[in-house]
Amino acid sequence: MPFTAWPRMAALALACGLALPSAATPASSPAPVETLVEQAMAHYRLPGIAVGVIEDGRIVQVVTRGEQAAGLGPPVDADTLFKIASNTKAMTGAVLARLVQAGTLRWEDPVTKHLPGFRMYDPWVTANLQVRDLLIHNSGLGLGAGDLMLWPEPNRFSRQDILAGLAHLKPVGSFRADYAYDNLLYVVAGEVAAAAAGKPYATLVREEIFQPLGLTRCQVGQWSAAAVGNIARPHYRQGARNIAVDADPDTVADFPSAAAGGVRCSINDMLRWMQVLLDPAQAPGWLDAAQRRALWTAHMPMPVGQRLRDWDNTHFHAYGYGWRLSDMDGQWKVAHTGTLSGMYSSLALLPDRRTGVVILINGEGEAARTALMQALLKRYTAPQEAGDVLHYAGLLEREAAQRRSAGQVRPVLAPPVVVTPAQVGADAGVWSDPWFGRVTLCPGEGGMLWVSDKSPAMRARLVQSGGRRWLQWLALGEDAEAWLEFSGAGTQRRMQLRAIDPDIDFSYDFQDLEFRRLGDCP
């Protein structure tokens with residue numbers, strides 16, 4: 001999920017005529033875990049990181065580096081809380097599996113059995129969508145559809161808004177035909193669990209996972225940051241500096257997208273979670289064999305990307321209940337990643353070896369987690385081919401260079417000029433989208449401001465370059481900027497947003513917005 005401007009170092013290097021670092025040659029023997037973590041910290045200038053490794057069911061390594069808040073301390077340790085983001089999805093799947101095991105619901109139940117008011121755009125899909133479908137990204141919705149109701153944070157959308165908004169999101173594919181990652185239906189899954197069990201989602205996560213498994217530091221829902229303490233802050237990059245986001249308030253509020261990405265845990269908690277998943281004897285009776293199998297069954301095929309083919313010799317890729325399943329160098333791999341507001345996580349298991357790795361980062365860590373996880377896993381799947389972090393970082397930077405040469409990056413725009421109210425004319429006013437709600441395009445701050453009622457971070461100055469108008473966000477980075485376009489006339493007049501950067505985070509689902517004018521500026 002998005003935050004402020006995420007740097008694209010390779011693209012900048014090419015634009016400035018600088019040489020990219022070459023990919024290091026794989027070492028003859030795998031580097032120690034500490035060395036790999038330190039490489040990731042240094043190469044990617046991370047504010048903080050926590051890494052844990054399990055071998056044959058035993059915790060063999062815990063490595064922490066950096067600070068909870070860059071330049072402010074205290075240091076990250078094994079009990080420091082990080083946002084695990086979409087690694088929460090596996091916990092949501094496990095909550096539902098526990099309820100299925102208890103007979104409280106069935107995977108095949110229609111969603112409407114538990115949420116009678118639930119609606120999708122297509123009435124047939126509404127009637128036939130089952131609980132299991134909520135977890136496997138097969139609904140026909142587009143990639144990240146409706147995510148602007150979840151991020152950027154904070155915003156004023158409620159779970160009720162999300163449920164209501166689904167009825168207005170038009171599908172881009174057929175139900176159960178194709179894979180497209182979504183977050184909203186995980187929010188629905190949390191509400192199904194709550195309705196079936198008669199308890200809020202956060203209560204269920206505590207009762208069904210945290211308490212029985214001994215995840216003593218994990219937090220979800222509303223909790224006291226003042227009492228819990230030892231919390232890593234998210235960071236964004238400003239030049240070479242990591243800038244810490246404001247600390248949590250004393251009481252952290254529950255938020256609507258908790259079931260999709262709202263859990264925080266320490267590296268110690270995550271290692272305990274992994275041990276239980278790898279070895280049923282760690283928590284006898286917690287989840288029976290049928291439900292364990294259900295979580296890691298390939299329910300929805302996924303494309304096998306070129307990187308998976310090249311790096312891992314992957315032949316199959318699929319989604320289970322909150323997990324991505326694949327083969328890596330002939331070994332079974334169960335994994336997921338998480339990205340949310342300046343924090344990155346990655347968890348990977350090799351179940352047949354009872355081995356796993358988890359990475360938690362409190363900064364701009366997309367490439368770092370990819371390179372580090374690859375270096376760590378290759379120590380088990382293909383040690384003779386294992387490269388270090390710099391090797392995989394070099395490969396990623398070459399991919400970025402190829403994208404730039406193919407024009408798959410943000411175009412270089414002429415210096416922006418502020419658009420005046422006179423230039424906007426009758427298009428100024430109050431506009432509304434059926435799921436995103438009301439926005440205004442009205443005079444302010446010497447020009448025209450585009451402001452969302454329910455998403456305060458989405459506030460932009462209207463500017464133009466080369467004859468095209470676009471939104472220059474005041475609280476978001478340039479990677480999120482969008483062209484502003486108008487079409488039609490009279491009652492058919494429409495306002496739409498189009499991403500400027502083709503590599504924009506999919507959670508900026510501007511393509512799903514279609515605004516109609518309601519009236520004049522207040």
# chains A, B, ... in the order shown; residues from 1 in each chain; ligands from 1
$ residues_around --residues "Ala226 of chain A" --least-positions-apart "6" --cutoff "9 Å" --atoms "only C-alpha atoms" --output "VMD selection string"
chain A and resid 248 to 251
$ residues_around --residues "segment 459-472 of chain A" --least-positions-apart "6" --cutoff "10 Å" --atoms "only C-alpha atoms" --output "PDB file with C-alpha atoms, in the first residue's frame"
ATOM      1  CA  LEU A 413       7.019  16.743 -17.132  1.00  0.00           C
ATOM      2  CA  ALA A 414       7.700  20.401 -17.792  1.00  0.00           C
ATOM      3  CA  PRO A 415       7.657  22.605 -14.676  1.00  0.00           C
ATOM      4  CA  PRO A 416       4.022  22.852 -13.519  1.00  0.00           C
ATOM      5  CA  VAL A 417       1.985  26.029 -13.799  1.00  0.00           C
ATOM      6  CA  VAL A 418      -0.910  26.686 -11.401  1.00  0.00           C
ATOM      7  CA  VAL A 419      -4.337  26.479 -13.039  1.00  0.00           C
ATOM      8  CA  THR A 420      -6.546  29.479 -12.257  1.00  0.00           C
ATOM      9  CA  PRO A 421     -10.274  29.456 -11.411  1.00  0.00           C
ATOM     10  CA  VAL A 424     -11.453  25.782 -14.888  1.00  0.00           C
ATOM     11  CA  VAL A 439     -14.818  15.916  -3.549  1.00  0.00           C
ATOM     12  CA  THR A 440     -14.548  19.613  -4.280  1.00  0.00           C
ATOM     13  CA  LEU A 441     -12.656  21.393  -7.037  1.00  0.00           C
ATOM     14  CA  CYS A 442     -12.761  24.956  -5.818  1.00  0.00           C
ATOM     15  CA  PRO A 443     -10.622  28.132  -5.553  1.00  0.00           C
ATOM     16  CA  GLY A 444      -8.023  28.145  -2.788  1.00  0.00           C
ATOM     17  CA  GLU A 445      -4.388  28.996  -2.010  1.00  0.00           C
ATOM     18  CA  GLY A 446      -3.972  31.086  -5.153  1.00  0.00           C
ATOM     19  CA  GLY A 447      -5.328  28.487  -7.545  1.00  0.00           C
ATOM     20  CA  MET A 448      -7.672  25.515  -7.587  1.00  0.00           C
ATOM     21  CA  LEU A 449      -7.719  22.830  -4.884  1.00  0.00           C
ATOM     22  CA  TRP A 450      -9.030  19.278  -5.327  1.00  0.00           C
ATOM     23  CA  VAL A 451     -10.117  18.000  -1.875  1.00  0.00           C
ATOM     24  CA  SER A 452     -11.695  14.696  -0.773  1.00  0.00           C
ATOM     25  CA  ASP A 453     -14.248  14.745   2.044  1.00  0.00           C
ATOM     26  CA  GLU A 478       4.839  12.481  -6.932  1.00  0.00           C
ATOM     27  CA  ALA A 480       0.780   9.132  -6.780  1.00  0.00           C
ATOM     28  CA  GLU A 481       0.077  12.153  -8.982  1.00  0.00           C
ATOM     29  CA  ALA A 482      -2.732  11.895 -11.520  1.00  0.00           C
ATOM     30  CA  TRP A 483      -3.957  13.535 -14.683  1.00  0.00           C
ATOM     31  CA  LEU A 484      -7.329  15.239 -14.226  1.00  0.00           C
ATOM     32  CA  GLU A 485      -9.628  14.747 -17.191  1.00  0.00           C
ATOM     33  CA  LEU A 497      -8.274  10.640 -12.668  1.00  0.00           C
ATOM     34  CA  ARG A 498      -5.544   8.772 -14.562  1.00  0.00           C
ATOM     35  CA  ALA A 499      -2.194   7.797 -13.074  1.00  0.00           C
ATOM     36  CA  ILE A 500       0.792   9.668 -14.484  1.00  0.00           C
TER      37      ILE A 500
END
$ select_by_dssp --residues "segment 254-500 of chain A" --states "strand (DSSP E)" --output "JSON, numbers by chain"
{"A": [264, 265, 300, 301, 317, 318, 319, 324, 325, 326, 327, 328, 331, 332, 333, 334, 335, 336, 337, 338, 339, 340, 343, 344, 345, 346, 347, 348, 349, 350, 355, 356, 357, 358, 359, 360, 361, 417, 418, 429, 430, 431, 432, 433, 437, 438, 439, 440, 441, 442, 443, 444, 447, 448, 449, 450, 451, 452, 459, 460, 461, 462, 463, 464, 465, 468, 469, 470, 471, 472, 473, 482, 483, 484, 485, 486, 487, 494, 495, 496, 497, 498, 499]}
$ closest_residue --among "A:Ser405, A:Thr314, A:Ser455, A:Thr337" --to "Ile84 of chain A" --atoms "only C-alpha atoms"
A:Thr337
$ residues_around --residues "Ala393 of chain A" --least-positions-apart "4" --cutoff "8 Å" --atoms "only C-alpha atoms" --output "PyMOL selection string"
chain A and resi 23+367-368+371+389+397
$ residues_around --residues "segment 206-212 of chain A" --least-positions-apart "3" --cutoff "9 Å" --atoms "only C-alpha atoms" --output "PDB file with C-alpha atoms, in the first residue's frame"
ATOM      1  CA  MET A  91      -4.313 -14.694  10.321  1.00  0.00           C
ATOM      2  CA  ALA A  94      -6.773 -18.912  10.242  1.00  0.00           C
ATOM      3  CA  VAL A  95      -9.594 -17.254  12.215  1.00  0.00           C
ATOM      4  CA  ARG A  98     -10.960 -22.095  13.408  1.00  0.00           C
ATOM      5  CA  LEU A  99     -14.633 -21.153  13.010  1.00  0.00           C
ATOM      6  CA  TYR A 201     -12.986  -9.306  14.341  1.00  0.00           C
ATOM      7  CA  ALA A 202     -10.275  -7.991  16.681  1.00  0.00           C
ATOM      8  CA  THR A 203     -11.661 -10.031  19.579  1.00  0.00           C
ATOM      9  CA  LEU A 215       1.688 -14.274  20.634  1.00  0.00           C
ATOM     10  CA  THR A 216       2.030 -12.016  23.635  1.00  0.00           C
ATOM     11  CA  ARG A 217       3.077  -8.780  21.928  1.00  0.00           C
ATOM     12  CA  CYS A 218       0.789  -8.836  18.866  1.00  0.00           C
ATOM     13  CA  GLN A 219      -1.876  -6.121  18.694  1.00  0.00           C
ATOM     14  CA  VAL A 220      -5.066  -5.618  16.670  1.00  0.00           C
ATOM     15  CA  ASP A 269       5.708 -13.292  17.865  1.00  0.00           C
ATOM     16  CA  TRP A 273       3.397 -18.088  14.621  1.00  0.00           C
ATOM     17  CA  ALA A 283      -0.033 -26.285  19.491  1.00  0.00           C
ATOM     18  CA  TRP A 286      -5.339 -25.679  17.641  1.00  0.00           C
TER      19      TRP A 286
END
$ residues_around --residues "Ala167 of chain A" --least-positions-apart "4" --cutoff "9 Å" --atoms "only C-alpha atoms" --output "PyMOL selection string"
chain A and resi 118-122+163+435
$ residues_around --residues "segment 142-149 of chain A" --least-positions-apart "2" --cutoff "7 Å" --atoms "only C-alpha atoms" --output "list in words"
Gly140, Trp151, Pro152, Phe157, Ile162, Pro171, Val172, Ala180, Tyr181, Asp182, Asn183, Leu184, Phe436, Phe506, Ser507, Tyr508, Asp509 and Asp512 of chain A
$ write_last_selection --atoms "C-alpha atoms" --output "mmCIF file, in the first residue's frame"
data_model
loop_
_atom_site.group_PDB
_atom_site.id
_atom_site.type_symbol
_atom_site.label_atom_id
_atom_site.label_comp_id
_atom_site.auth_asym_id
_atom_site.auth_seq_id
_atom_site.Cartn_x
_atom_site.Cartn_y
_atom_site.Cartn_z
ATOM 1 C CA GLY A 140 -13.722 -10.384 -10.980
ATOM 2 C CA TRP A 151 -5.434 4.084 2.010
ATOM 3 C CA PRO A 152 -3.817 6.558 2.298
ATOM 4 C CA PHE A 157 -14.225 5.532 5.613
ATOM 5 C CA ILE A 162 -16.603 -0.351 2.372
ATOM 6 C CA PRO A 171 -15.923 -5.978 -12.377
ATOM 7 C CA VAL A 172 -13.201 -6.125 -15.010
ATOM 8 C CA ALA A 180 -6.553 -10.062 -9.206
ATOM 9 C CA TYR A 181 -5.317 -9.081 -5.744
ATOM 10 C CA ASP A 182 -7.845 -7.206 -3.632
ATOM 11 C CA ASN A 183 -8.121 -5.993 -0.057
ATOM 12 C CA LEU A 184 -11.784 -5.094 0.317
ATOM 13 C CA PHE A 436 -15.485 7.236 -2.950
ATOM 14 C CA PHE A 506 -2.104 -0.443 -7.409
ATOM 15 C CA SER A 507 -3.888 0.825 -4.299
ATOM 16 C CA TYR A 508 -4.282 4.169 -6.050
ATOM 17 C CA ASP A 509 -7.162 2.740 -8.061
ATOM 18 C CA ASP A 512 -12.347 2.943 -10.644
#
$ closest_residue --among "A:Asp161, A:Asp388, A:Glu108, A:Asp503" --to "Pro30 of chain A" --atoms "only C-alpha atoms"
A:Asp388
$ closest_residue --among "A:Thr88, A:Gln331, A:Ser224, A:Asn155" --to "Asp352 of chain A" --atoms "only C-alpha atoms"
A:Gln331
$ residues_around --residues "Leu96 of chain A" --least-positions-apart "4" --cutoff "12 Å" --atoms "only C-alpha atoms" --output "PyMOL selection string"
chain A and resi 89-92+100-109+131-132+134-135+186+188-197+201+204-205+208-209+259+287+291-292+294-295+321-322
$ closest_residue --among "A:Val62, A:Met373, A:Ile361, A:Leu513" --to "Tyr392 of chain A" --atoms "only C-alpha atoms"
A:Met373
